[in-house]
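A.B. asks: This is entry_12.pdb (PDB, N, CA and C atoms).
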ATOM      1  N   MET A 135       0.838  -1.161   0.000
ATOM      2  CA  MET A 135       0.000   0.000   0.000
ATOM      3  C   MET A 135       0.897   1.244   0.000
ATOM      4  N   ALA A 136       0.541   2.201  -0.828
ATOM      5  CA  ALA A 136       1.354   3.408  -0.950
ATOM      6  C   ALA A 136       1.079   4.345   0.223
ATOM      7  N   LYS A 137       2.141   5.010   0.635
ATOM      8  CA  LYS A 137       1.987   5.966   1.719
ATOM      9  C   LYS A 137       1.430   7.269   1.171
ATOM     10  N   ARG A 138       0.595   7.875   1.947
ATOM     11  CA  ARG A 138       0.027   9.163   1.570
ATOM     12  C   ARG A 138       1.056  10.253   1.801
ATOM     13  N   GLN A 139       1.251  11.087   0.789
ATOM     14  CA  GLN A 139       2.211  12.163   0.932
ATOM     15  C   GLN A 139       1.481  13.452   1.254
ATOM     16  N   LYS A 140       2.079  14.216   2.122
ATOM     17  CA  LYS A 140       1.514  15.508   2.473
ATOM     18  C   LYS A 140       2.143  16.572   1.585
ATOM     19  N   ARG A 141       1.304  17.474   1.135
ATOM     20  CA  ARG A 141       1.816  18.609   0.367
ATOM     21  C   ARG A 141       1.913  19.800   1.296
ATOM     22  N   THR A 142       3.041  20.408   1.268
ATOM     23  CA  THR A 142       3.228  21.590   2.100
ATOM     24  C   THR A 142       3.332  22.812   1.204
ATOM     25  N   THR A 143       2.909  23.909   1.736
ATOM     26  CA  THR A 143       3.018  25.154   0.986
ATOM     27  C   THR A 143       4.319  25.838   1.342
ATOM     28  N   SER A 144       4.767  26.672   0.443
ATOM     29  CA  SER A 144       6.036  27.351   0.659
ATOM     30  C   SER A 144       5.907  28.502   1.651
ATOM     31  N   GLY A 145       4.671  28.919   1.917
ATOM     32  CA  GLY A 145       4.486  30.007   2.859
ATOM     33  C   GLY A 145       4.569  31.375   2.203
ATOM     34  N   GLY A 146       4.770  31.414   0.891
ATOM     35  CA  GLY A 146       4.859  32.681   0.181
ATOM     36  C   GLY A 146       3.474  33.219  -0.160
ATOM     37  N   THR A 147       3.455  34.403  -0.715
ATOM     38  CA  THR A 147       2.206  35.032  -1.095
ATOM     39  C   THR A 147       1.919  34.710  -2.550
ATOM     40  N   SER A 148       0.755  34.178  -2.806
ATOM     41  CA  SER A 148       0.381  33.863  -4.176
ATOM     42  C   SER A 148      -0.420  35.015  -4.771
ATOM     43  N   THR A 149      -0.632  34.930  -6.069
ATOM     44  CA  THR A 149      -1.429  35.945  -6.758
ATOM     45  C   THR A 149      -2.835  35.987  -6.190
ATOM     46  N   TRP A 150      -3.378  34.832  -5.869
ATOM     47  CA  TRP A 150      -4.756  34.795  -5.376
ATOM     48  C   TRP A 150      -4.865  35.374  -3.979
ATOM     49  N   ASP A 151      -3.799  35.307  -3.194
ATOM     50  CA  ASP A 151      -3.807  35.964  -1.888
ATOM     51  C   ASP A 151      -3.898  37.477  -2.050
ATOM     52  N   ILE A 152      -3.211  38.015  -3.057
ATOM     53  CA  ILE A 152      -3.274  39.453  -3.324
ATOM     54  C   ILE A 152      -4.671  39.847  -3.765
ATOM     55  N   VAL A 153      -5.288  39.020  -4.611
ATOM     56  CA  VAL A 153      -6.653  39.296  -5.073
ATOM     57  C   VAL A 153      -7.616  39.289  -3.895
ATOM     58  N   LYS A 154      -7.491  38.294  -3.039
ATOM     59  CA  LYS A 154      -8.367  38.210  -1.874
ATOM     60  C   LYS A 154      -8.161  39.409  -0.947
ATOM     61  N   PHE A 155      -6.908  39.805  -0.752
ATOM     62  CA  PHE A 155      -6.611  40.954   0.102
ATOM     63  C   PHE A 155      -7.209  42.228  -0.490
ATOM     64  N   CYS A 156      -7.039  42.433  -1.792
ATOM     65  CA  CYS A 156      -7.584  43.639  -2.429
ATOM     66  C   CYS A 156      -9.112  43.655  -2.371
ATOM     67  N   ALA A 157      -9.725  42.503  -2.554
ATOM     68  CA  ALA A 157     -11.187  42.439  -2.456
ATOM     69  C   ALA A 157     -11.641  42.774  -1.039
ATOM     70  N   TYR A 158     -10.933  42.274  -0.039
ATOM     71  CA  TYR A 158     -11.276  42.563   1.352
ATOM     72  C   TYR A 158     -11.099  44.048   1.667
ATOM     73  N   VAL A 159      -9.962  44.614   1.252
ATOM     74  CA  VAL A 159      -9.700  46.029   1.504
ATOM     75  C   VAL A 159     -10.746  46.896   0.804
ATOM     76  N   ALA A 160     -11.085  46.556  -0.423
ATOM     77  CA  ALA A 160     -12.089  47.325  -1.160
ATOM     78  C   ALA A 160     -13.432  47.279  -0.454
ATOM     79  N   MET A 161     -13.810  46.107   0.030
ATOM     80  CA  MET A 161     -15.092  45.974   0.720
ATOM     81  C   MET A 161     -15.103  46.806   2.002
ATOM     82  N   VAL A 162     -14.029  46.738   2.786
ATOM     83  CA  VAL A 162     -13.988  47.473   4.046
ATOM     84  C   VAL A 162     -13.976  48.977   3.807
ATOM     85  N   ILE A 163     -13.168  49.436   2.859
ATOM     86  CA  ILE A 163     -13.081  50.874   2.613
ATOM     87  C   ILE A 163     -14.366  51.400   1.984
ATOM     88  N   ALA A 164     -15.003  50.606   1.114
ATOM     89  CA  ALA A 164     -16.289  51.023   0.549
ATOM     90  C   ALA A 164     -17.342  51.131   1.651
ATOM     91  N   ALA A 165     -17.297  50.223   2.623
ATOM     92  CA  ALA A 165     -18.229  50.305   3.745
ATOM     93  C   ALA A 165     -17.955  51.545   4.585
ATOM     94  N   VAL A 166     -16.685  51.864   4.804
ATOM     95  CA  VAL A 166     -16.334  53.073   5.550
ATOM     96  C   VAL A 166     -16.810  54.316   4.798
ATOM     97  N   ALA A 167     -16.590  54.334   3.484
ATOM     98  CA  ALA A 167     -17.028  55.478   2.681
ATOM     99  C   ALA A 167     -18.549  55.630   2.735
ATOM    100  N   ALA A 168     -19.277  54.518   2.662
ATOM    101  CA  ALA A 168     -20.741  54.585   2.738
ATOM    102  C   ALA A 168     -21.191  55.098   4.109
ATOM    103  N   MET A 169     -20.518  54.654   5.153
ATOM    104  CA  MET A 169     -20.866  55.120   6.498
ATOM    105  C   MET A 169     -20.572  56.605   6.644
ATOM    106  N   LEU A 170     -19.445  57.069   6.090
ATOM    107  CA  LEU A 170     -19.115  58.491   6.161
ATOM    108  C   LEU A 170     -20.139  59.333   5.398
ATOM    109  N   VAL A 171     -20.566  58.857   4.240
ATOM    110  CA  VAL A 171     -21.595  59.577   3.482
ATOM    111  C   VAL A 171     -22.871  59.670   4.314
ATOM    112  N   PHE A 172     -23.227  58.583   4.979
ATOM    113  CA  PHE A 172     -24.425  58.561   5.823
ATOM    114  C   PHE A 172     -24.296  59.551   6.981
ATOM    115  N   VAL A 173     -23.155  59.510   7.677
ATOM    116  CA  VAL A 173     -22.951  60.380   8.834
ATOM    117  C   VAL A 173     -22.919  61.845   8.404
ATOM    118  N   PHE A 174     -22.185  62.149   7.329
ATOM    119  CA  PHE A 174     -22.113  63.531   6.868
ATOM    120  C   PHE A 174     -23.464  64.015   6.351
ATOM    121  N   GLY A 175     -24.252  63.108   5.777
ATOM    122  CA  GLY A 175     -25.610  63.465   5.346
ATOM    123  C   GLY A 175     -26.496  63.803   6.533
ATOM    124  N   LEU A 176     -26.378  63.000   7.595
ATOM    125  CA  LEU A 176     -27.148  63.297   8.811
ATOM    126  C   LEU A 176     -26.714  64.620   9.429
ATOM    127  N   LEU A 177     -25.418  64.865   9.429
ATOM    128  CA  LEU A 177     -24.936  66.139   9.966
ATOM    129  C   LEU A 177     -25.453  67.311   9.133
ATOM    130  N   GLY A 178     -25.514  67.129   7.832
ATOM    131  CA  GLY A 178     -26.042  68.172   6.965
ATOM    132  C   GLY A 178     -27.508  68.441   7.227
ATOM    133  N   LYS A 179     -28.278  67.387   7.508
ATOM    134  CA  LYS A 179     -29.715  67.551   7.833
ATOM    135  C   LYS A 179     -29.900  68.245   9.181
ATOM    136  N   CYS A 180     -28.934  68.074  10.069
ATOM    137  CA  CYS A 180     -29.015  68.718  11.384
ATOM    138  C   CYS A 180     -28.503  70.153  11.358
ATOM    139  N   GLY A 181     -28.015  70.597  10.226
ATOM    140  CA  GLY A 181     -27.532  71.966  10.118
ATOM    141  C   GLY A 181     -26.041  72.138  10.316
ATOM    142  N   VAL A 182     -25.324  71.031  10.490
ATOM    143  CA  VAL A 182     -23.876  71.102  10.657
ATOM    144  C   VAL A 182     -23.237  70.915   9.287
ATOM    145  N   HIS A 183     -22.484  71.901   8.854
ATOM    146  CA  HIS A 183     -21.860  71.825   7.536
ATOM    147  C   HIS A 183     -20.374  71.517   7.690
ATOM    148  N   VAL A 184     -19.939  70.436   7.076
ATOM    149  CA  VAL A 184     -18.538  70.030   7.112
ATOM    150  C   VAL A 184     -17.961  70.255   5.716
ATOM    151  N   ASP A 185     -17.004  71.173   5.605
ATOM    152  CA  ASP A 185     -16.453  71.531   4.301
ATOM    153  C   ASP A 185     -15.673  70.396   3.646
ATOM    154  N   TRP A 186     -14.973  69.589   4.412
ATOM    155  CA  TRP A 186     -14.099  68.563   3.870
ATOM    156  C   TRP A 186     -14.766  67.199   3.759
ATOM    157  N   ALA A 187     -16.074  67.109   3.980
ATOM    158  CA  ALA A 187     -16.775  65.821   3.965
ATOM    159  C   ALA A 187     -16.716  65.167   2.587
ATOM    160  N   GLY A 188     -16.947  65.955   1.557
ATOM    161  CA  GLY A 188     -16.915  65.392   0.205
ATOM    162  C   GLY A 188     -15.548  64.883  -0.180
ATOM    163  N   ARG A 189     -14.519  65.577   0.236
ATOM    164  CA  ARG A 189     -13.153  65.162  -0.089
ATOM    165  C   ARG A 189     -12.800  63.854   0.617
ATOM    166  N   VAL A 190     -13.189  63.715   1.873
ATOM    167  CA  VAL A 190     -12.870  62.487   2.629
ATOM    168  C   VAL A 190     -13.594  61.291   2.024
ATOM    169  N   THR A 191     -14.865  61.418   1.742
ATOM    170  CA  THR A 191     -15.606  60.301   1.151
ATOM    171  C   THR A 191     -15.100  59.999  -0.250
ATOM    172  N   GLY A 192     -14.694  61.031  -0.987
ATOM    173  CA  GLY A 192     -14.141  60.802  -2.320
ATOM    174  C   GLY A 192     -12.834  60.035  -2.284
ATOM    175  N   ILE A 193     -11.988  60.359  -1.324
ATOM    176  CA  ILE A 193     -10.710  59.649  -1.185
ATOM    177  C   ILE A 193     -10.947  58.197  -0.788
ATOM    178  N   CYS A 194     -11.874  57.966   0.138
ATOM    179  CA  CYS A 194     -12.197  56.583   0.522
ATOM    180  C   CYS A 194     -12.749  55.803  -0.667
ATOM    181  N   SER A 195     -13.617  56.423  -1.436
ATOM    182  CA  SER A 195     -14.175  55.754  -2.613
ATOM    183  C   SER A 195     -13.091  55.467  -3.648
ATOM    184  N   MET A 196     -12.157  56.388  -3.821
ATOM    185  CA  MET A 196     -11.079  56.182  -4.782
ATOM    186  C   MET A 196     -10.190  55.014  -4.373
ATOM    187  N   ILE A 197      -9.841  54.932  -3.102
ATOM    188  CA  ILE A 197      -9.006  53.826  -2.622
ATOM    189  C   ILE A 197      -9.749  52.500  -2.800
ATOM    190  N   ALA A 198     -11.048  52.504  -2.509
ATOM    191  CA  ALA A 198     -11.839  51.293  -2.699
ATOM    192  C   ALA A 198     -11.880  50.897  -4.174
ATOM    193  N   GLN A 199     -11.999  51.858  -5.068
ATOM    194  CA  GLN A 199     -12.031  51.544  -6.495
ATOM    195  C   GLN A 199     -10.693  51.009  -6.979
ATOM    196  N   ILE A 200      -9.595  51.539  -6.466
ATOM    197  CA  ILE A 200      -8.282  51.016  -6.842
ATOM    198  C   ILE A 200      -8.156  49.558  -6.418
ATOM    199  N   ALA A 201      -8.554  49.256  -5.193
ATOM    200  CA  ALA A 201      -8.481  47.875  -4.706
ATOM    201  C   ALA A 201      -9.401  46.967  -5.508
ATOM    202  N   LEU A 202     -10.589  47.446  -5.867
ATOM    203  CA  LEU A 202     -11.497  46.639  -6.680
ATOM    204  C   LEU A 202     -10.927  46.406  -8.074
ATOM    205  N   ILE A 203     -10.301  47.414  -8.645
ATOM    206  CA  ILE A 203      -9.704  47.250  -9.973
ATOM    207  C   ILE A 203      -8.605  46.191  -9.928
ATOM    208  N   VAL A 204      -7.764  46.252  -8.911
ATOM    209  CA  VAL A 204      -6.703  45.249  -8.789
ATOM    210  C   VAL A 204      -7.309  43.863  -8.597
ATOM    211  N   ALA A 205      -8.354  43.774  -7.773
ATOM    212  CA  ALA A 205      -8.990  42.483  -7.508
ATOM    213  C   ALA A 205      -9.691  41.917  -8.739
ATOM    214  N   VAL A 206     -10.069  42.762  -9.674
ATOM    215  CA  VAL A 206     -10.747  42.291 -10.883
ATOM    216  C   VAL A 206      -9.753  42.067 -12.019
ATOM    217  N   VAL A 207      -8.762  42.918 -12.140
ATOM    218  CA  VAL A 207      -7.839  42.847 -13.276
ATOM    219  C   VAL A 207      -6.960  41.595 -13.203
ATOM    220  N   ILE A 208      -6.514  41.201 -12.031
ATOM    221  CA  ILE A 208      -5.625  40.042 -11.925
ATOM    222  C   ILE A 208      -6.302  38.757 -12.398
ATOM    223  N   PRO A 209      -7.512  38.418 -11.942
ATOM    224  CA  PRO A 209      -8.150  37.209 -12.486
ATOM    225  C   PRO A 209      -8.491  37.346 -13.973
ATOM    226  N   ALA A 210      -8.858  38.544 -14.386
ATOM    227  CA  ALA A 210      -9.163  38.749 -15.802
ATOM    228  C   ALA A 210      -7.915  38.550 -16.652
ATOM    229  N   TYR A 211      -6.781  38.977 -16.140
ATOM    230  CA  TYR A 211      -5.529  38.782 -16.871
ATOM    231  C   TYR A 211      -5.218  37.297 -17.037
ATOM    232  N   HIS A 212      -5.395  36.538 -15.973
ATOM    233  CA  HIS A 212      -5.132  35.096 -16.048
ATOM    234  C   HIS A 212      -6.127  34.403 -16.977
ATOM    235  N   PHE A 213      -7.337  34.934 -17.067
ATOM    236  CA  PHE A 213      -8.335  34.373 -17.974
ATOM    237  C   PHE A 213      -7.973  34.652 -19.423
ATOM    238  N   MET A 214      -7.534  35.866 -19.733
ATOM    239  CA  MET A 214      -7.335  36.259 -21.128
ATOM    240  C   MET A 214      -5.981  35.844 -21.678
ATOM    241  N   ARG A 215      -5.030  35.473 -20.846
ATOM    242  CA  ARG A 215      -3.688  35.144 -21.331
ATOM    243  C   ARG A 215      -3.666  34.097 -22.437
ATOM    244  N   PRO A 216      -4.369  32.968 -22.309
ATOM    245  CA  PRO A 216      -4.305  31.974 -23.399
ATOM    246  C   PRO A 216      -5.267  32.262 -24.562
ATOM    247  N   LYS A 217      -6.030  33.331 -24.487
ATOM    248  CA  LYS A 217      -7.033  33.635 -25.513
ATOM    249  C   LYS A 217      -6.379  34.287 -26.730
ATOM    250  N   SER A 218      -7.216  34.604 -27.694
ATOM    251  CA  SER A 218      -6.739  35.183 -28.953
ATOM    252  C   SER A 218      -6.259  36.620 -28.742
ATOM    253  N   ALA A 219      -5.621  37.143 -29.777
ATOM    254  CA  ALA A 219      -5.083  38.506 -29.716
ATOM    255  C   ALA A 219      -6.189  39.538 -29.574
ATOM    256  N   VAL A 220      -7.351  39.273 -30.130
ATOM    257  CA  VAL A 220      -8.469  40.215 -30.036
ATOM    258  C   VAL A 220      -8.939  40.331 -28.586
ATOM    259  N   VAL A 221      -9.039  39.220 -27.901
ATOM    260  CA  VAL A 221      -9.458  39.227 -26.493
ATOM    261  C   VAL A 221      -8.424  39.957 -25.653
ATOM    262  N   ARG A 222      -7.155  39.716 -25.924
ATOM    263  CA  ARG A 222      -6.100  40.413 -25.185
ATOM    264  C   ARG A 222      -6.136  41.914 -25.446
ATOM    265  N   ALA A 223      -6.406  42.300 -26.685
ATOM    266  CA  ALA A 223      -6.489  43.726 -27.018
ATOM    267  C   ALA A 223      -7.655  44.383 -26.279
ATOM    268  N   PHE A 224      -8.808  43.714 -26.250
ATOM    269  CA  PHE A 224      -9.954  44.253 -25.512
ATOM    270  C   PHE A 224      -9.636  44.389 -24.023
ATOM    271  N   PHE A 225      -8.900  43.424 -23.484
ATOM    272  CA  PHE A 225      -8.523  43.483 -22.082
ATOM    273  C   PHE A 225      -7.686  44.725 -21.801
ATOM    274  N   TRP A 226      -6.642  44.949 -22.610
ATOM    275  CA  TRP A 226      -5.760  46.085 -22.360
ATOM    276  C   TRP A 226      -6.466  47.414 -22.584
ATOM    277  N   VAL A 227      -7.366  47.468 -23.553
ATOM    278  CA  VAL A 227      -8.152  48.692 -23.759
ATOM    279  C   VAL A 227      -9.026  48.953 -22.538
ATOM    280  N   ALA A 228      -9.641  47.900 -22.002
ATOM    281  CA  ALA A 228     -10.484  48.052 -20.812
ATOM    282  C   ALA A 228      -9.659  48.502 -19.605
ATOM    283  N   VAL A 229      -8.459  47.953 -19.446
ATOM    284  CA  VAL A 229      -7.595  48.368 -18.337
ATOM    285  C   VAL A 229      -7.216  49.839 -18.481
ATOM    286  N   ILE A 230      -6.897  50.256 -19.697
ATOM    287  CA  ILE A 230      -6.556  51.666 -19.933
ATOM    288  C   ILE A 230      -7.744  52.564 -19.594
ATOM    289  N   PHE A 231      -8.956  52.156 -20.010
ATOM    290  CA  PHE A 231     -10.145  52.954 -19.689
ATOM    291  C   PHE A 231     -10.390  53.009 -18.184
ATOM    292  N   LEU A 232     -10.156  51.907 -17.478
ATOM    293  CA  LEU A 232     -10.316  51.911 -16.024
ATOM    294  C   LEU A 232      -9.339  52.883 -15.369
ATOM    295  N   VAL A 233      -8.107  52.864 -15.814
ATOM    296  CA  VAL A 233      -7.103  53.761 -15.240
ATOM    297  C   VAL A 233      -7.434  55.210 -15.577
ATOM    298  N   LEU A 234      -7.817  55.473 -16.809
ATOM    299  CA  LEU A 234      -8.182  56.839 -17.187
ATOM    300  C   LEU A 234      -9.408  57.318 -16.410
ATOM    301  N   GLY A 235     -10.364  56.435 -16.191
ATOM    302  CA  GLY A 235     -11.528  56.794 -15.389
ATOM    303  C   GLY A 235     -11.146  57.112 -13.959
ATOM    304  N   LEU A 236     -10.207  56.364 -13.424
ATOM    305  CA  LEU A 236      -9.737  56.618 -12.065
ATOM    306  C   LEU A 236      -9.000  57.944 -11.989
ATOM    307  N   VAL A 237      -8.229  58.262 -13.005
ATOM    308  CA  VAL A 237      -7.534  59.545 -13.041
ATOM    309  C   VAL A 237      -8.551  60.669 -13.144
ATOM    310  N   GLY A 238      -9.594  60.462 -13.938
ATOM    311  CA  GLY A 238     -10.667  61.471 -14.053
ATOM    312  C   GLY A 238     -11.383  61.687 -12.742
ATOM    313  N   ILE A 239     -11.581  60.631 -11.981
ATOM    314  CA  ILE A 239     -12.209  60.764 -10.660
ATOM    315  C   ILE A 239     -11.294  61.560  -9.738
ATOM    316  N   ASN A 240      -9.987  61.296  -9.821
ATOM    317  CA  ASN A 240      -9.030  62.015  -8.968
ATOM    318  C   ASN A 240      -8.989  63.497  -9.308
ATOM    319  N   LEU A 241      -9.172  63.844 -10.559
ATOM    320  CA  LEU A 241      -9.154  65.259 -10.943
ATOM    321  C   LEU A 241     -10.351  66.015 -10.394
ATOM    322  N   ALA A 242     -11.427  65.271 -10.097
ATOM    323  CA  ALA A 242     -12.632  65.918  -9.588
ATOM    324  C   ALA A 242     -12.472  66.337  -8.126
ATOM    325  N   PHE A 243     -11.532  65.730  -7.399
ATOM    326  CA  PHE A 243     -11.386  66.037  -5.973
ATOM    327  C   PHE A 243     -10.224  66.947  -5.728
TER
END
Starting from the coordinates I provided, produce the structure as structure tokens.

C.D. replies:
Amino acid sequence: MAKRQKRTTSGGTSTWDIVKFCAYVAMVIAAVAAMLVFVFGLLGKCGVHVDWAGRVTGICSMIAQIALIVAVVIPAYHFMRPKSAVVRAFFWVAVIFLVLGLVGINLAF
């Protein structure tokens, strides 16, 4: 009877660990941004005006979007790598549009 062999991991960080981390960070920061929008909205209804509220929520949303982009682009890259040149071209065009959109969001704040 053959002995069962155990597989051990090297303990390093894999690509999927980075994706999972970015997805987690994006979720947490998006939740913080949503809570800040809620709190600042309530303060606005109570008559308290906070000048920097929009900037803080915008920065939180931007960080969340960066983490979401990283969490989406990495699996998409692994999906499109063996595909045809047309699929790869669409991927890179989409990545460029995502980055340009993020830069456009940053210019607004």

A.B. asks: Just give me the gap between CA of Val229 (chain A) and CA of Val162 (chain A) in Å, one decimal is fine.

C.D. replies: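 Between CA of Val229 (chain A) and CA of Val162 (chain A) the gap is 23.3 Å.
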
A.B. asks: List the residues selected by the PyMOL selection byres ((chain A and resi 185-201) around 8) in the file shown, writing them as a VMD selection string.

C.D. replies: chain A and resid 155 to 168 170 to 171 174 182 to 184 202 to 207 236 239 to 240 243

A.B. asks: Please extract the residues of chain A with a backbone DSSP assignment of alpha helix (DSSP H) and present them as a PyMOL selection string.

C.D. replies: chain A and resi 149-179+187-214+219-242

A.B. asks: Rounded to one decimal, what separation in Å do you get between atom C of Thr149 (chain A) and CA of Phe213 (chain A)?

C.D. replies: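 Answer for the atom C of Thr149 (chain A) to CA of Phe213 (chain A) separation: 13.1 Å.
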
A.B. asks: Quick one: pull the distance between CA of Val227 (chain A) and atom N of Ile208 (chain A), Å, one decimal.

C.D. replies: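 CA of Val227 (chain A) sits 14.0 Å away from atom N of Ile208 (chain A).
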
A.B. asks: How big is the axis-aligned box, and where does its centre sit, when it encloses all atoms of region 227-238 of chain A listed in the file and has 3 Å added on every side, reported in Å to one decimal as JSON?

C.D. replies:
{"center_x": -9.0, "center_y": 54.6, "center_z": -17.9, "size_x": 11.0, "size_y": 20.2, "size_z": 17.8}
